[in-house]
file start32.cif (mmCIF, C-alpha atoms)
data_coords
#
loop_
_atom_site.label_atom_id
_atom_site.label_comp_id
_atom_site.auth_asym_id
_atom_site.auth_seq_id
_atom_site.Cartn_x
_atom_site.Cartn_y
_atom_site.Cartn_z
CA MET A 1 7.20 -19.46 -5.75
CA LEU A 2 8.88 -16.73 -7.76
CA ILE A 3 7.06 -13.47 -8.43
CA ARG A 4 8.03 -11.01 -11.17
CA ILE A 5 7.50 -7.39 -10.13
CA GLY A 6 8.38 -4.00 -11.48
CA TYR A 7 7.25 -0.64 -12.72
CA GLU A 8 7.86 1.99 -15.40
CA ILE A 9 6.82 5.58 -14.73
CA ALA A 10 7.30 8.58 -16.99
CA ILE A 11 6.71 12.19 -16.02
CA GLU A 12 7.34 15.58 -17.56
CA CYS A 13 8.66 18.51 -15.52
CA ALA A 14 8.64 22.18 -16.43
CA GLY A 15 11.95 22.68 -14.67
CA SER A 16 14.52 20.87 -12.56
CA THR A 17 12.43 19.16 -9.85
CA PRO A 18 13.58 17.43 -6.63
CA ILE A 19 11.68 14.18 -6.06
CA ILE A 20 11.40 11.55 -3.34
CA SER A 21 10.14 8.14 -4.45
CA LEU A 22 8.88 5.32 -2.22
CA LEU A 23 9.05 2.54 -4.77
CA ASP A 24 11.85 0.32 -3.45
CA ILE A 25 10.91 -3.08 -2.02
CA HIS A 26 10.79 -2.83 1.77
CA ARG A 27 14.02 -3.85 3.46
CA ASP A 28 12.33 -6.72 5.32
CA ARG A 29 11.94 -8.44 1.91
CA GLN A 30 15.33 -7.56 0.44
CA ALA A 31 16.77 -10.99 1.28
CA ASP A 32 14.06 -12.61 -0.88
CA ILE A 33 15.10 -10.81 -4.07
CA LYS A 34 16.61 -13.28 -6.55
CA ARG A 35 17.33 -10.86 -9.37
CA GLN A 36 16.83 -7.15 -9.86
CA THR A 37 17.86 -4.28 -12.04
CA ARG A 38 19.17 -1.08 -10.60
CA VAL A 39 16.58 1.66 -10.36
CA LEU A 40 17.11 3.04 -13.86
CA THR A 41 16.39 6.62 -14.82
CA SER A 42 16.33 8.28 -18.21
CA PRO A 43 18.04 10.68 -18.43
CA SER A 44 20.42 9.11 -15.93
CA VAL A 45 20.64 11.08 -12.68
CA PRO A 46 22.28 10.33 -9.31
CA THR A 47 19.96 8.82 -6.68
CA ARG A 48 20.43 8.36 -2.95
CA VAL A 49 18.48 6.16 -0.52
CA TYR A 50 17.65 6.94 3.11
CA HIS A 51 15.24 5.35 5.59
CA ASP A 52 12.39 7.31 7.16
CA ARG A 53 10.91 7.00 10.67
CA HIS A 54 8.69 4.11 9.56
CA GLY A 55 11.60 2.09 8.17
CA ASN A 56 10.78 2.74 4.51
CA SER A 57 13.43 3.09 1.81
CA CYS A 58 13.12 6.57 0.30
CA ARG A 59 15.01 7.47 -2.87
CA ARG A 60 16.03 11.08 -3.54
CA PHE A 61 16.87 12.46 -6.99
CA THR A 62 16.32 15.52 -9.14
CA ALA A 63 14.44 15.16 -12.41
CA PRO A 64 15.60 17.55 -15.12
CA ALA A 65 13.26 19.71 -17.15
CA GLY A 66 11.41 17.77 -19.86
CA GLY A 67 10.63 14.07 -20.02
CA PHE A 68 11.91 11.79 -17.29
CA ARG A 69 11.49 8.03 -16.84
CA ILE A 70 12.13 5.66 -13.92
CA LEU A 71 12.19 1.87 -14.34
CA TYR A 72 12.70 -1.18 -12.10
CA ASP A 73 12.30 -4.94 -12.59
CA ALA A 74 12.90 -7.82 -10.18
CA VAL A 75 12.15 -11.43 -9.32
CA ILE A 76 11.40 -12.14 -5.66
CA GLU A 77 10.90 -15.43 -3.84
CA ASP A 78 7.66 -15.83 -1.90
CA SER A 79 6.35 -18.56 0.38
CA GLY A 80 3.20 -18.91 -1.72
CA GLU A 81 1.18 -18.93 1.50
CA PRO A 82 -1.89 -16.72 1.86
CA ASP A 83 -2.14 -13.95 4.46
CA GLU A 84 -1.99 -15.33 8.00
CA VAL A 85 -5.34 -15.72 9.76
CA ASN A 86 -5.40 -16.05 13.55
CA THR A 87 -8.96 -15.85 14.85
CA LEU A 88 -7.63 -16.28 18.41
CA ALA A 89 -5.44 -13.16 18.28
CA ARG A 90 -6.27 -10.96 21.24
CA GLU A 91 -6.38 -7.19 21.49
CA THR A 92 -3.29 -5.80 23.22
CA PRO A 93 -4.24 -3.35 25.98
CA VAL A 94 -2.99 0.16 25.28
CA ALA A 95 -0.91 0.16 28.47
CA GLU A 96 1.01 -2.87 27.17
CA LEU A 97 1.68 -1.63 23.63
CA PRO A 98 5.31 -1.10 22.59
CA ASP A 99 6.32 2.56 22.45
CA ASP A 100 6.84 2.55 18.68
CA VAL A 101 3.30 1.22 18.09
CA LEU A 102 1.48 4.01 19.92
CA VAL A 103 1.70 6.41 16.95
CA TYR A 104 -0.59 4.06 15.01
CA LEU A 105 -3.40 4.76 17.48
CA LEU A 106 -3.50 8.47 16.67
CA GLY A 107 -5.57 10.28 14.09
CA SER A 108 -3.73 11.33 10.94
CA ARG A 109 -4.24 13.34 7.73
CA TYR A 110 -6.56 10.82 6.05
CA CYS A 111 -7.74 8.86 9.11
CA GLU A 112 -9.81 11.19 11.30
CA THR A 113 -10.49 9.13 14.39
CA ASP A 114 -12.26 12.07 16.02
CA HIS A 115 -14.91 12.13 13.28
CA LEU A 116 -15.42 8.37 13.30
CA SER A 117 -15.07 7.44 16.98
CA ASP A 118 -18.80 7.54 17.82
CA LEU A 119 -19.64 5.45 14.76
CA ALA A 120 -16.95 2.92 15.64
CA TRP A 121 -18.11 2.42 19.22
CA GLN A 122 -21.76 2.23 18.22
CA ARG A 123 -21.13 -0.44 15.59
CA PHE A 124 -18.25 -2.43 17.08
CA GLY A 125 -18.18 -1.65 20.79
CA ASN A 126 -20.21 -4.75 21.75
CA LEU A 127 -18.09 -7.18 19.72
CA PRO A 128 -15.36 -9.35 21.28
CA PRO A 129 -12.06 -7.44 21.26
CA GLY A 130 -9.26 -8.75 19.09
CA TRP A 131 -9.44 -10.51 15.74
CA ALA A 132 -13.25 -10.70 15.65
CA ARG A 133 -13.58 -6.94 16.08
CA ALA A 134 -10.88 -6.14 13.50
CA GLN A 135 -12.47 -8.50 10.97
CA ALA A 136 -15.91 -7.00 11.62
CA ILE A 137 -14.51 -3.56 10.81
CA VAL A 138 -12.95 -4.86 7.59
CA ASP A 139 -16.22 -6.60 6.65
CA TYR A 140 -18.11 -3.36 7.23
CA VAL A 141 -15.74 -1.29 5.07
CA HIS A 142 -15.79 -3.93 2.33
CA SER A 143 -19.59 -3.76 2.15
CA ARG A 144 -19.87 0.00 2.76
CA LEU A 145 -17.66 1.20 -0.12
CA SER A 146 -17.90 0.52 -3.84
CA PHE A 147 -14.56 0.19 -5.64
CA GLY A 148 -13.74 1.88 -8.93
CA TYR A 149 -10.63 3.51 -10.43
CA GLY A 150 -12.82 6.37 -11.57
CA TYR A 151 -13.53 7.19 -7.91
CA ALA A 152 -9.88 8.09 -7.22
CA ARG A 153 -9.40 11.42 -5.47
CA ALA A 154 -6.15 12.28 -3.73
CA THR A 155 -7.78 14.41 -1.04
CA ARG A 156 -10.54 11.99 0.08
CA THR A 157 -10.38 11.18 3.80
CA ALA A 158 -11.73 8.18 5.68
CA ALA A 159 -14.77 10.09 6.91
CA GLN A 160 -15.49 11.38 3.40
CA ALA A 161 -15.17 7.88 1.96
CA HIS A 162 -17.66 6.66 4.55
CA GLU A 163 -20.16 9.34 3.53
CA GLU A 164 -19.60 9.04 -0.23
CA ARG A 165 -19.53 5.22 -0.12
CA VAL A 166 -17.00 4.98 -2.97
CA GLY A 167 -13.25 4.80 -3.33
CA VAL A 168 -10.11 3.02 -4.45
CA CYS A 169 -8.01 0.66 -2.33
CA ARG A 170 -6.39 3.50 -0.36
CA ASP A 171 -9.84 4.74 0.71
CA PHE A 172 -10.83 1.26 1.87
CA ALA A 173 -7.61 1.06 3.88
CA HIS A 174 -7.98 4.56 5.36
CA LEU A 175 -11.52 3.91 6.59
CA ALA A 176 -10.63 0.57 8.18
CA ILE A 177 -7.55 2.11 9.81
CA ALA A 178 -9.52 4.99 11.29
CA LEU A 179 -12.18 2.67 12.71
CA CYS A 180 -9.59 0.31 14.19
CA ARG A 181 -7.74 3.18 15.84
CA ALA A 182 -10.98 4.54 17.24
CA MET A 183 -11.40 1.14 18.93
CA ASN A 184 -7.87 1.33 20.40
CA MET A 185 -6.37 -1.16 17.94
CA PRO A 186 -3.16 0.15 16.33
CA ALA A 187 -3.42 0.09 12.54
CA ARG A 188 -1.04 1.21 9.81
CA TYR A 189 -1.25 1.82 6.06
CA VAL A 190 0.66 -0.43 3.63
CA ASN A 191 1.47 0.08 -0.03
CA GLY A 192 2.87 -2.68 -2.23
CA TYR A 193 2.53 -5.18 -5.05
CA LEU A 194 -0.41 -7.61 -5.16
CA GLY A 195 -0.88 -9.67 -8.29
CA ASP A 196 -3.73 -11.95 -9.31
CA ILE A 197 -2.15 -15.08 -7.84
CA GLY A 198 -4.49 -17.81 -6.68
CA VAL A 199 -7.54 -15.79 -7.74
CA PRO A 200 -9.30 -15.15 -11.08
CA VAL A 201 -7.35 -12.70 -13.22
CA ASP A 202 -8.66 -9.15 -13.04
CA PRO A 203 -9.01 -7.81 -16.60
CA ALA A 204 -8.09 -4.30 -15.42
CA PRO A 205 -4.42 -3.37 -15.92
CA MET A 206 -2.19 -3.89 -12.91
CA ASP A 207 -1.54 -1.24 -10.29
CA PHE A 208 0.07 -0.91 -6.88
CA SER A 209 -2.25 -1.88 -4.04
CA ALA A 210 -2.98 -0.60 -0.54
CA TRP A 211 -4.07 -2.51 2.55
CA LEU A 212 -3.59 -2.27 6.32
CA GLU A 213 -1.91 -4.07 9.19
CA VAL A 214 -3.47 -4.31 12.66
CA PHE A 215 -1.41 -4.91 15.81
CA LEU A 216 -2.95 -7.82 17.75
CA ASP A 217 -1.46 -10.14 20.37
CA GLY A 218 2.00 -8.62 19.98
CA LYS A 219 2.38 -8.72 16.18
CA TRP A 220 1.12 -7.11 12.98
CA TYR A 221 -1.52 -8.91 10.91
CA THR A 222 -2.56 -8.12 7.33
CA PHE A 223 -6.14 -7.13 6.52
CA ASP A 224 -7.44 -6.08 3.11
CA PRO A 225 -10.89 -4.42 3.12
CA ARG A 226 -10.99 -4.08 -0.65
CA HIS A 227 -10.62 -7.80 -1.40
CA ASN A 228 -11.50 -9.16 2.07
CA ILE A 229 -10.00 -12.60 1.48
CA PRO A 230 -6.49 -13.90 2.31
CA ARG A 231 -4.28 -13.32 -0.72
CA ILE A 232 -1.01 -14.79 -1.98
CA GLY A 233 2.03 -12.82 -3.08
CA ARG A 234 1.93 -9.47 -1.28
CA VAL A 235 5.24 -7.61 -1.56
CA VAL A 236 5.42 -4.62 0.77
CA ILE A 237 6.96 -1.38 -0.46
CA ALA A 238 6.21 1.00 2.40
CA ARG A 239 4.24 1.45 5.63
CA GLY A 240 3.03 4.56 7.42
CA ARG A 241 0.25 6.29 9.31
CA ASP A 242 -1.68 6.78 6.06
CA ALA A 243 -1.03 7.61 2.39
CA THR A 244 0.65 10.87 3.42
CA ASP A 245 3.68 8.89 4.60
CA VAL A 246 4.02 6.64 1.55
CA PRO A 247 3.51 8.58 -1.71
CA LEU A 248 4.88 6.73 -4.72
CA LEU A 249 6.37 10.00 -5.97
CA HIS A 250 6.55 13.21 -4.00
CA SER A 251 7.73 16.08 -6.19
CA PHE A 252 8.80 19.48 -4.94
CA GLY A 253 7.41 21.21 -7.99
CA GLN A 254 4.80 20.46 -10.62
CA HIS A 255 4.99 17.43 -12.89
CA GLN A 256 2.69 15.71 -15.35
CA LEU A 257 2.29 11.96 -15.36
CA LYS A 258 2.80 10.55 -18.87
CA LEU A 259 3.10 6.79 -18.32
CA PHE A 260 2.36 4.42 -15.43
CA LYS A 261 2.96 0.66 -15.70
CA VAL A 262 3.09 -1.95 -12.95
CA TRP A 263 3.63 -5.70 -13.28
CA THR A 264 3.36 -8.41 -10.64
CA TYR A 265 2.71 -12.06 -11.50
CA GLU A 266 3.99 -15.55 -10.77
CA GLN A 267 7.22 -16.17 -12.70
CA GLU A 268 6.69 -19.15 -14.99
CA ARG A 269 9.66 -18.73 -17.31
CA ASN A 270 13.39 -18.23 -16.74
CA LEU A 271 14.50 -15.38 -14.52
CA PHE A 272 15.58 -13.26 -17.45
CA SER A 273 12.39 -13.36 -19.49
CA PRO A 274 10.87 -9.97 -20.35
CA PRO A 275 7.85 -8.75 -18.38
CA HIS A 276 4.36 -9.29 -19.77
CA HIS A 277 3.25 -6.58 -22.17
CA ASN A 278 -0.43 -6.51 -21.19
CA VAL A 279 0.03 -4.62 -17.93
CA ASP A 280 -0.06 -1.01 -19.16
CA ARG A 281 -2.14 1.51 -17.33
CA THR A 282 -2.11 5.27 -17.71
CA VAL A 283 -3.59 7.09 -14.73
CA SER A 284 -4.00 10.66 -13.57
CA ALA A 285 -1.38 12.39 -11.50
CA GLN A 286 -3.57 12.18 -8.39
CA MET A 287 -2.91 8.43 -8.23
CA LEU A 288 0.72 9.25 -7.40
CA ALA A 289 -0.11 11.86 -4.76
#
call {"tool": "encode", "arguments": {"input": "start32.cif", "output": "structure tokens"}}
result
Amino acid sequence: MLIRIGYEIAIECAGSTPIISLLDIHRDRQADIKRQTRVLTSPSVPTRVYHDRHGNSCRRFTAPAGGFRILYDAVIEDSGEPDEVNTLARETPVAELPDDVLVYLLGSRYCETDHLSDLAWQRFGNLPPGWARAQAIVDYVHSRLSFGYGYARATRTAAQAHEERVGVCRDFAHLAIALCRAMNMPARYVNGYLGDIGVPVDPAPMDFSAWLEVFLDGKWYTFDPRHNIPRIGRVVIARGRDATDVPLLHSFGQHQLKLFKVWTYEQERNLFSPPHHNVDRTVSAQMLA
């Protein structure tokens, strides 16, 4: 299938402000792109891309004082298959993990394994290691937290989400990641596009989504504690230890968010048709933190 994706973000800066954006489609999906615009800015400014330690494409630019807009639109080919499920996937012993996977066992800014380790072992220590344990953790987080955009808070950690029992998709992901790591299963944070494909349409305006990947039996598997069902059409933007590593926009100076639009849906018309117009969503600046 073909999936139309893109975004339009407008900010206002008091002065010239260096910015790093993590909004480019991950390089492991670049070959699937069938059409795309350049990353357009208004006013036009030079941009430069580099890759961070997690393999993400990071774009550097400087926004001038005043209003500034960044826009991207693309069509990407997707298999149309839901997330892979492998109930036989085994837990990989720590001693056998690849060197570059070990970092995803450690606590991080939003995933405090030290605070959640006792809880994790009490609840999941007697379960079979591997897929069953990872899915039990995701089931627990899905039932423990209530989702709502009004619950967004940029500073909420996994342990705080567990206590408050509310959050947005990043909080669901952080809590599941922390619990998996506490059980010696490497887990990493993922940010990307996820449209309402193969499921009832959500009346809320579209947004970027967050989920996690767990390393089992020598490969990474997708888990999504917010939705907790295999989904079609995920397009990864960035991966990291937690949301600290993958901010949509990281500004080195203050900015105000003026406009935030995301679109992701199955392409039903020709490749050059305009994006749907019912995908607007204005959010607070903390959603970009």
call {"tool": "resolve_selection", "arguments": {"input": "start32.cif", "expression": "the PyMOL selection byres ((chain A and resi 61) around 9)", "output": "list in words"}}
result
Thr17, Pro18, Ile19, Ile20, Ser21, Val45, Pro46, Thr47, Arg48, Arg59, Arg60, Thr62 and Ala63 of chain A
call {"tool": "residues_around", "arguments": {"input": "start32.cif", "residues": "A:Arg170", "least_positions_apart": "6", "cutoff": "10 Å", "atoms": "all atoms listed in the file", "output": "ChimeraX atom specification"}}
result
/A:110,152-154,156-158,176,189-191,209-212,225-226,242-243,287
call {"tool": "resolve_selection", "arguments": {"input": "start32.cif", "expression": "the PyMOL selection byres ((chain A and resi 96-104) around 12)", "output": "ChimeraX atom specification"}}
result
/A:53-55,91-95,105-108,111,113,177-189,212-220,239-242
call {"tool": "resolve_selection", "arguments": {"input": "start32.cif", "expression": "the PyMOL selection byres ((chain A and resi 1-5) around 12)", "output": "VMD selection string"}}
result
chain A and resid 6 to 8 23 to 25 32 to 37 71 to 81 192 to 198 206 to 208 232 to 237 261 to 276 279
call {"tool": "residues_around", "arguments": {"input": "start32.cif", "residues": "A:Val168", "least_positions_apart": "6", "cutoff": "8 Å", "atoms": "only C-alpha atoms", "output": "PyMOL selection string"}}
result
chain A and resi 147-149+151-152
call {"tool": "closest_residue", "arguments": {"input": "start32.cif", "among": "A:Ala65, A:Ala132, A:Leu88, A:Leu40", "to": "A:Ala14", "atoms": "all atoms listed in the file"}}
result
A:Ala65
call {"tool": "build_atoms", "arguments": {"input": "start32.cif", "residues": "stretch 36-47 of chain A", "atoms": "all heavy atoms", "output": "PDB file, in the frame of the given file"}}
result
ATOM      1  N   GLN A  36      17.424  -8.471  -9.707  1.00  0.00           N
ATOM      2  CA  GLN A  36      16.830  -7.150  -9.860  1.00  0.00           C
ATOM      3  C   GLN A  36      17.729  -6.267 -10.704  1.00  0.00           C
ATOM      4  O   GLN A  36      18.941  -6.455 -10.766  1.00  0.00           O
ATOM      5  CB  GLN A  36      16.600  -6.501  -8.483  1.00  0.00           C
ATOM      6  CG  GLN A  36      17.853  -6.214  -7.702  1.00  0.00           C
ATOM      7  CD  GLN A  36      17.556  -5.555  -6.361  1.00  0.00           C
ATOM      8  OE1 GLN A  36      16.571  -4.853  -6.211  1.00  0.00           O
ATOM      9  NE2 GLN A  36      18.422  -5.787  -5.378  1.00  0.00           N
ATOM     10  N   THR A  37      17.106  -5.323 -11.373  1.00  0.00           N
ATOM     11  CA  THR A  37      17.860  -4.280 -12.040  1.00  0.00           C
ATOM     12  C   THR A  37      18.190  -3.197 -11.015  1.00  0.00           C
ATOM     13  O   THR A  37      17.642  -3.184  -9.909  1.00  0.00           O
ATOM     14  CB  THR A  37      17.038  -3.633 -13.161  1.00  0.00           C
ATOM     15  OG1 THR A  37      15.896  -2.976 -12.576  1.00  0.00           O
ATOM     16  CG2 THR A  37      16.560  -4.670 -14.161  1.00  0.00           C
ATOM     17  N   ARG A  38      19.079  -2.315 -11.355  1.00  0.00           N
ATOM     18  CA  ARG A  38      19.170  -1.080 -10.600  1.00  0.00           C
ATOM     19  C   ARG A  38      17.901  -0.274 -10.874  1.00  0.00           C
ATOM     20  O   ARG A  38      17.164  -0.549 -11.809  1.00  0.00           O
ATOM     21  CB  ARG A  38      20.398  -0.273 -11.044  1.00  0.00           C
ATOM     22  CG  ARG A  38      21.730  -0.907 -10.715  1.00  0.00           C
ATOM     23  CD  ARG A  38      22.885  -0.026 -11.173  1.00  0.00           C
ATOM     24  NE  ARG A  38      22.923   0.143 -12.616  1.00  0.00           N
ATOM     25  CZ  ARG A  38      22.574   1.251 -13.259  1.00  0.00           C
ATOM     26  NH1 ARG A  38      22.140   2.305 -12.578  1.00  0.00           N
ATOM     27  NH2 ARG A  38      22.650   1.314 -14.569  1.00  0.00           N
ATOM     28  N   VAL A  39      17.644   0.712 -10.037  1.00  0.00           N
ATOM     29  CA  VAL A  39      16.580   1.660 -10.360  1.00  0.00           C
ATOM     30  C   VAL A  39      17.123   2.550 -11.471  1.00  0.00           C
ATOM     31  O   VAL A  39      18.045   3.339 -11.256  1.00  0.00           O
ATOM     32  CB  VAL A  39      16.167   2.486  -9.134  1.00  0.00           C
ATOM     33  CG1 VAL A  39      15.168   3.553  -9.525  1.00  0.00           C
ATOM     34  CG2 VAL A  39      15.580   1.567  -8.057  1.00  0.00           C
ATOM     35  N   LEU A  40      16.585   2.374 -12.677  1.00  0.00           N
ATOM     36  CA  LEU A  40      17.110   3.040 -13.860  1.00  0.00           C
ATOM     37  C   LEU A  40      16.343   4.322 -14.128  1.00  0.00           C
ATOM     38  O   LEU A  40      15.104   4.337 -14.052  1.00  0.00           O
ATOM     39  CB  LEU A  40      16.996   2.102 -15.069  1.00  0.00           C
ATOM     40  CG  LEU A  40      17.661   0.727 -14.912  1.00  0.00           C
ATOM     41  CD1 LEU A  40      17.302  -0.173 -16.082  1.00  0.00           C
ATOM     42  CD2 LEU A  40      19.174   0.880 -14.791  1.00  0.00           C
ATOM     43  N   THR A  41      17.041   5.368 -14.447  1.00  0.00           N
ATOM     44  CA  THR A  41      16.390   6.620 -14.820  1.00  0.00           C
ATOM     45  C   THR A  41      16.871   7.062 -16.192  1.00  0.00           C
ATOM     46  O   THR A  41      17.994   6.781 -16.592  1.00  0.00           O
ATOM     47  CB  THR A  41      16.671   7.740 -13.799  1.00  0.00           C
ATOM     48  OG1 THR A  41      18.072   8.070 -13.822  1.00  0.00           O
ATOM     49  CG2 THR A  41      16.267   7.318 -12.392  1.00  0.00           C
ATOM     50  N   SER A  42      15.989   7.738 -16.901  1.00  0.00           N
ATOM     51  CA  SER A  42      16.330   8.280 -18.210  1.00  0.00           C
ATOM     52  C   SER A  42      15.718   9.677 -18.342  1.00  0.00           C
ATOM     53  O   SER A  42      14.489   9.807 -18.299  1.00  0.00           O
ATOM     54  CB  SER A  42      15.813   7.365 -19.329  1.00  0.00           C
ATOM     55  OG  SER A  42      16.092   7.911 -20.598  1.00  0.00           O
ATOM     56  N   PRO A  43      16.587  10.713 -18.455  1.00  0.00           N
ATOM     57  CA  PRO A  43      18.040  10.680 -18.430  1.00  0.00           C
ATOM     58  C   PRO A  43      18.575  10.144 -17.101  1.00  0.00           C
ATOM     59  O   PRO A  43      17.898  10.214 -16.074  1.00  0.00           O
ATOM     60  CB  PRO A  43      18.432  12.149 -18.619  1.00  0.00           C
ATOM     61  CG  PRO A  43      17.200  12.844 -19.114  1.00  0.00           C
ATOM     62  CD  PRO A  43      16.053  12.094 -18.565  1.00  0.00           C
ATOM     63  N   SER A  44      19.801   9.636 -17.131  1.00  0.00           N
ATOM     64  CA  SER A  44      20.420   9.110 -15.930  1.00  0.00           C
ATOM     65  C   SER A  44      20.758  10.237 -14.965  1.00  0.00           C
ATOM     66  O   SER A  44      21.359  11.243 -15.356  1.00  0.00           O
ATOM     67  CB  SER A  44      21.692   8.335 -16.303  1.00  0.00           C
ATOM     68  OG  SER A  44      22.324   7.830 -15.152  1.00  0.00           O
ATOM     69  N   VAL A  45      20.326  10.078 -13.715  1.00  0.00           N
ATOM     70  CA  VAL A  45      20.640  11.080 -12.680  1.00  0.00           C
ATOM     71  C   VAL A  45      21.089  10.330 -11.423  1.00  0.00           C
ATOM     72  O   VAL A  45      20.719   9.175 -11.211  1.00  0.00           O
ATOM     73  CB  VAL A  45      19.414  11.966 -12.351  1.00  0.00           C
ATOM     74  CG1 VAL A  45      18.966  12.755 -13.569  1.00  0.00           C
ATOM     75  CG2 VAL A  45      18.270  11.143 -11.782  1.00  0.00           C
ATOM     76  N   PRO A  46      21.890  10.969 -10.577  1.00  0.00           N
ATOM     77  CA  PRO A  46      22.280  10.330  -9.310  1.00  0.00           C
ATOM     78  C   PRO A  46      21.058  10.155  -8.409  1.00  0.00           C
ATOM     79  O   PRO A  46      20.161  11.005  -8.378  1.00  0.00           O
ATOM     80  CB  PRO A  46      23.284  11.310  -8.697  1.00  0.00           C
ATOM     81  CG  PRO A  46      23.676  12.234  -9.804  1.00  0.00           C
ATOM     82  CD  PRO A  46      22.524  12.292 -10.755  1.00  0.00           C
ATOM     83  N   THR A  47      21.006   9.042  -7.678  1.00  0.00           N
ATOM     84  CA  THR A  47      19.960   8.820  -6.680  1.00  0.00           C
ATOM     85  C   THR A  47      20.611   8.422  -5.368  1.00  0.00           C
ATOM     86  O   THR A  47      21.696   7.853  -5.349  1.00  0.00           O
ATOM     87  CB  THR A  47      18.962   7.732  -7.110  1.00  0.00           C
ATOM     88  OG1 THR A  47      19.593   6.455  -7.056  1.00  0.00           O
ATOM     89  CG2 THR A  47      18.437   7.985  -8.517  1.00  0.00           C
TER      90      THR A  47
END
